[in-house]
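Below is one structure, written out as structure tokens, with a few remarks after it.
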Amino acid sequence: MISNRMSEKLKAGSLIRKMFEEGNRLKSIYGEDKVFDFSIGNPDVEPPFEVTSGLKDLINNPTPGMHGYMSNSGYLSTRQAVANKLTRSGHTAFSADSICMTVGAAGAMNATLRAILDPDDEVILLAPFFMEYRQYIDNHFGKAVIVPTDAGTFLPNIDRISEAITPRTKAIIINSPNNPTGAMYPASTLEAINTLVASYEHVIHIISDEPYRELVFDGQEAVSTQDYIDNLIICYSWSKSLSLPGERIGYTAVGPRHPDLDVLVPAITMANRILGSVNAPALFQKVIEKAMDAKVDVALYENRRNLLYDIVTSSGFTCQKPQGAFYLFVKSPDTDDMVFSQVCARHNLLVVPGSAFSMPGYFRLAFCVSESTIKGSSVAFRAVSEHYGLNPAQS
């Protein structure tokens, strides 16, 4: 028999993965060009040249011991390169000693939560949010406290966060650019969060999940969290910025003004080891060093955003245009977003219900898919629009 806790997790599953599997089933029946799968944030863009050339160079010119163990926090040279990049990206200096290389942002988040949580400690989540956050918190016997963001903007509501804070509150997870909304937090929001947590006697960590930091549109740049948040722990992954989700390479970075810096960094490193990761993949730590300033073609994603946004809104759906990441978060015309997703599936259109992100009444579309898929989906969106009696724009 498996554990009761795991049995419950298996029953709940993941709506994103379920829709992804449904997409594969439909493609096997109708063909890939007849199924419009926007369910999963799996980049279809290949990694940039710096990644592939760096990998080839390491394979063709191996150094002794490059596949062996290193410090559980990662290679010093890699951590120094990360610290230098963070320092360049804002006005806050990082040291290599504040960095721990991890198995992606998920590994970073789990190591962080393991380091800070005692049983029944609380972590505030700002809905809508990436659904795995709840699982990560539960992994370490914490409790998720869900606080809705402001309708329309999806920005954190400081008053609601304040009302949710208790003596057991250990952390608040922020995510900008945001999955699933694409909203980006302005400096004023980060300043307000920092001021709020500073007013409490006990330390409240701000865990900033930043895998979409480079995927920002319309000539904007993401605000550097390290310049505005004192109790900061950054969790980062190159899954999106370098199209490396399968390589599982990321890091934690503890902000230099964090009051627990000296104990938090070794605690995260210890958690990284005892959770079973031991250390981040050796080869890809070295690849990352060679590709630290590279990123995928953001203009390509911006063009896809524009294409899908135009199709969706011209079909009669309501949506805030995302500032970053690669998702549209669209208002569902059906009060039951689960039913809506089933209606979409009947038209070979795969979407993820907003309920998966603790925001019922919406659905998410991932536009990290081919332009042909986006353009082909127009007929399906129009059919769903007609089903619900929406008022599409006249073309």
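Letters A, B, ... go to the chains of the structure tokens in the order shown; residues in each chain start at 1; ligands are counted from 1 in the same order.
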Show me, as a tab-separated table, the residues of segment 178-282 of chain A having an atom within 8 Å of segment 124-131 of chain A, each with the closest atom pair and its distance in Å, using only C-alpha atoms.
residue	atom	partner	partner_atom	distance
A:Asn178	CA	A:Phe129	CA	7.7
A:Asn179	CA	A:Phe130	CA	6.0
A:Pro180	CA	A:Phe129	CA	6.6
A:Thr181	CA	A:Pro128	CA	7.6
Writer output for current selection, N, CA and C atoms, as an mmCIF file, in the first residue's frame:
data_model
loop_
_atom_site.group_PDB
_atom_site.id
_atom_site.type_symbol
_atom_site.label_atom_id
_atom_site.label_comp_id
_atom_site.auth_asym_id
_atom_site.auth_seq_id
_atom_site.Cartn_x
_atom_site.Cartn_y
_atom_site.Cartn_z
ATOM 1 N N ASN A 178 4.118 36.749 -14.110
ATOM 2 C CA ASN A 178 3.325 35.747 -13.417
ATOM 3 C C ASN A 178 2.825 34.633 -14.324
ATOM 4 N N ASN A 179 2.856 33.431 -13.782
ATOM 5 C CA ASN A 179 2.158 32.281 -14.350
ATOM 6 C C ASN A 179 0.942 32.032 -13.448
ATOM 7 N N PRO A 180 -0.294 32.239 -13.925
ATOM 8 C CA PRO A 180 -0.734 32.137 -15.318
ATOM 9 C C PRO A 180 -1.098 33.449 -16.019
ATOM 10 N N THR A 181 -0.987 34.617 -15.363
ATOM 11 C CA THR A 181 -1.614 35.826 -15.902
ATOM 12 C C THR A 181 -0.722 36.643 -16.820
#
| request: Find the residue from A:Gly104, A:Pro360, A:Gly182, A:Gly90 that sits nearest to Pro245 of chain A; use only C-alpha atoms when measuring. | output: A:Gly104
| message | With only C-alpha atoms as the counted atoms, please give the residues lying no more than 12 Å from segment 316-318 of chain A, apart from itself and same-chain residues fewer than 3 positions off, as a VMD selection string. | response | chain A and resid 152 308 to 313 321 328 to 334 361 to 363 378 381 to 394
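In this comparison, which uses only C-alpha atoms, the residue of A:Leu155, A:Met359, A:Ala325, A:Leu300 approaching Asp337 of chain A most closely is A:Met359.
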Skipping near chain neighbours, those fewer than 2 positions away, what residues fall within 9 Å of segment 75-81 of chain A using only C-alpha atoms, listed as a compact mmCIF listing (two decimals) with N, CA and C atoms, in the first residue's frame?
# COMPACT_ATOMS: atom_id res chain seq x y z
N MET A 70 30.66 17.86 -6.50
CA MET A 70 31.26 19.12 -6.09
C MET A 70 30.55 19.53 -4.81
N SER A 71 30.81 20.71 -4.33
CA SER A 71 30.07 21.22 -3.17
C SER A 71 28.57 21.08 -3.43
N ASN A 72 27.80 20.78 -2.37
CA ASN A 72 26.35 20.64 -2.54
C ASN A 72 25.69 21.93 -3.04
N SER A 73 26.36 23.04 -2.86
CA SER A 73 25.82 24.31 -3.35
C SER A 73 26.18 24.57 -4.81
N ALA A 83 26.06 35.12 -9.35
CA ALA A 83 26.11 36.31 -8.50
C ALA A 83 26.45 37.55 -9.31
N ASN A 84 27.39 37.43 -10.24
CA ASN A 84 27.76 38.57 -11.09
C ASN A 84 26.58 39.00 -11.95
N LYS A 85 25.85 38.03 -12.49
CA LYS A 85 24.69 38.36 -13.34
C LYS A 85 23.61 39.07 -12.52
N LEU A 86 23.33 38.59 -11.32
CA LEU A 86 22.34 39.24 -10.47
C LEU A 86 22.78 40.66 -10.11
N PHE A 94 25.57 40.76 -5.07
CA PHE A 94 25.47 39.40 -4.54
C PHE A 94 26.85 38.77 -4.48
N SER A 95 27.04 37.85 -3.56
CA SER A 95 28.27 37.07 -3.51
C SER A 95 27.96 35.63 -3.89
N ALA A 96 28.98 34.92 -4.32
CA ALA A 96 28.81 33.50 -4.67
C ALA A 96 28.32 32.70 -3.49
N ASP A 97 28.67 33.11 -2.28
CA ASP A 97 28.29 32.37 -1.08
C ASP A 97 26.78 32.41 -0.81
N SER A 98 26.07 33.32 -1.46
CA SER A 98 24.61 33.40 -1.24
C SER A 98 23.83 32.56 -2.24
N ILE A 99 24.53 31.87 -3.15
CA ILE A 99 23.90 31.11 -4.23
C ILE A 99 23.99 29.62 -3.95
N CYS A 100 22.91 28.91 -4.26
CA CYS A 100 22.93 27.44 -4.24
C CYS A 100 22.35 26.95 -5.56
N MET A 101 23.13 26.23 -6.33
CA MET A 101 22.66 25.68 -7.60
C MET A 101 21.71 24.51 -7.31
N TYR A 251 18.66 27.83 -9.48
CA TYR A 251 19.40 28.21 -8.28
C TYR A 251 18.50 28.91 -7.27
N ALA A 282 26.04 18.55 -12.93
CA ALA A 282 27.39 19.11 -13.08
C ALA A 282 27.61 19.69 -14.47
N GLN A 285 25.73 22.94 -15.11
CA GLN A 285 26.28 24.10 -14.40
C GLN A 285 27.34 24.77 -15.27
N LYS A 286 28.19 23.95 -15.87
CA LYS A 286 29.25 24.49 -16.72
C LYS A 286 28.69 25.09 -18.01
N ILE A 288 25.79 26.55 -18.28
CA ILE A 288 25.19 27.82 -17.88
C ILE A 288 26.23 28.92 -17.77
N GLU A 289 27.40 28.57 -17.27
CA GLU A 289 28.47 29.56 -17.19
C GLU A 289 28.76 30.17 -18.56
N MET A 292 25.50 32.50 -19.74
CA MET A 292 24.89 33.30 -18.68
C MET A 292 24.13 34.52 -19.22
| All strand (DSSP E or B) positions in segment 76-153 of chain A, as a count of residues only | 16
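Restricting the calculation to only C-alpha atoms, the smallest distance between Ala294 of chain A and any of A:Met109, A:Ala183, A:Ile158, A:Val51 is found for A:Val51.
For the residues A:Ile234, A:Val352, A:Val45, A:Ala267, ranking by smallest atom-to-atom distance to Lys295 of chain A using only C-alpha atoms places A:Val45 first.
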| said: Calculated over only C-alpha atoms, which of the candidates A:Ser208, A:Thr166, A:Ser224, A:Ser237 has the smallest distance to Gly107 of chain A? | reply: A:Ser237
| DSSP helix (DSSP H, G or I) residues within segment 45-144 of chain A, as a PyMOL selection string | chain A and resi 49-60+76-89+96-98+104-116+132-139
Segment 152-174 of chain A residues near segment 133-137 of chain A within 12 Å, closest pair each, using only C-alpha atoms, as JSON lines:
{"residue": "A:Lys170", "atom": "CA", "partner": "A:Ile137", "partner_atom": "CA", "distance": 11.1}
{"residue": "A:Ala171", "atom": "CA", "partner": "A:Ile137", "partner_atom": "CA", "distance": 10.4}
{"residue": "A:Ile172", "atom": "CA", "partner": "A:Tyr133", "partner_atom": "CA", "distance": 11.1}
{"residue": "A:Ile173", "atom": "CA", "partner": "A:Tyr133", "partner_atom": "CA", "distance": 8.5}
{"residue": "A:Ile174", "atom": "CA", "partner": "A:Tyr133", "partner_atom": "CA", "distance": 10.7}
Given the selection you just returned, output its residues as a file containing N, CA and C atoms, formatted as a compact mmCIF listing (two decimals), in the first residue's frame.
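Okay, result.txt is ready:
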# COMPACT_ATOMS: atom_id res chain seq x y z
N LYS A 170 5.30 32.15 7.65
CA LYS A 170 6.74 32.07 7.44
C LYS A 170 7.17 32.71 6.11
N ALA A 171 6.28 32.72 5.13
CA ALA A 171 6.71 33.19 3.81
C ALA A 171 5.52 33.64 2.97
N ILE A 172 5.84 34.47 1.99
CA ILE A 172 4.92 34.85 0.93
C ILE A 172 5.62 34.52 -0.39
N ILE A 173 4.94 33.81 -1.27
CA ILE A 173 5.52 33.50 -2.58
C ILE A 173 5.00 34.51 -3.59
N ILE A 174 5.92 35.18 -4.28
CA ILE A 174 5.56 36.09 -5.37
C ILE A 174 6.12 35.55 -6.67
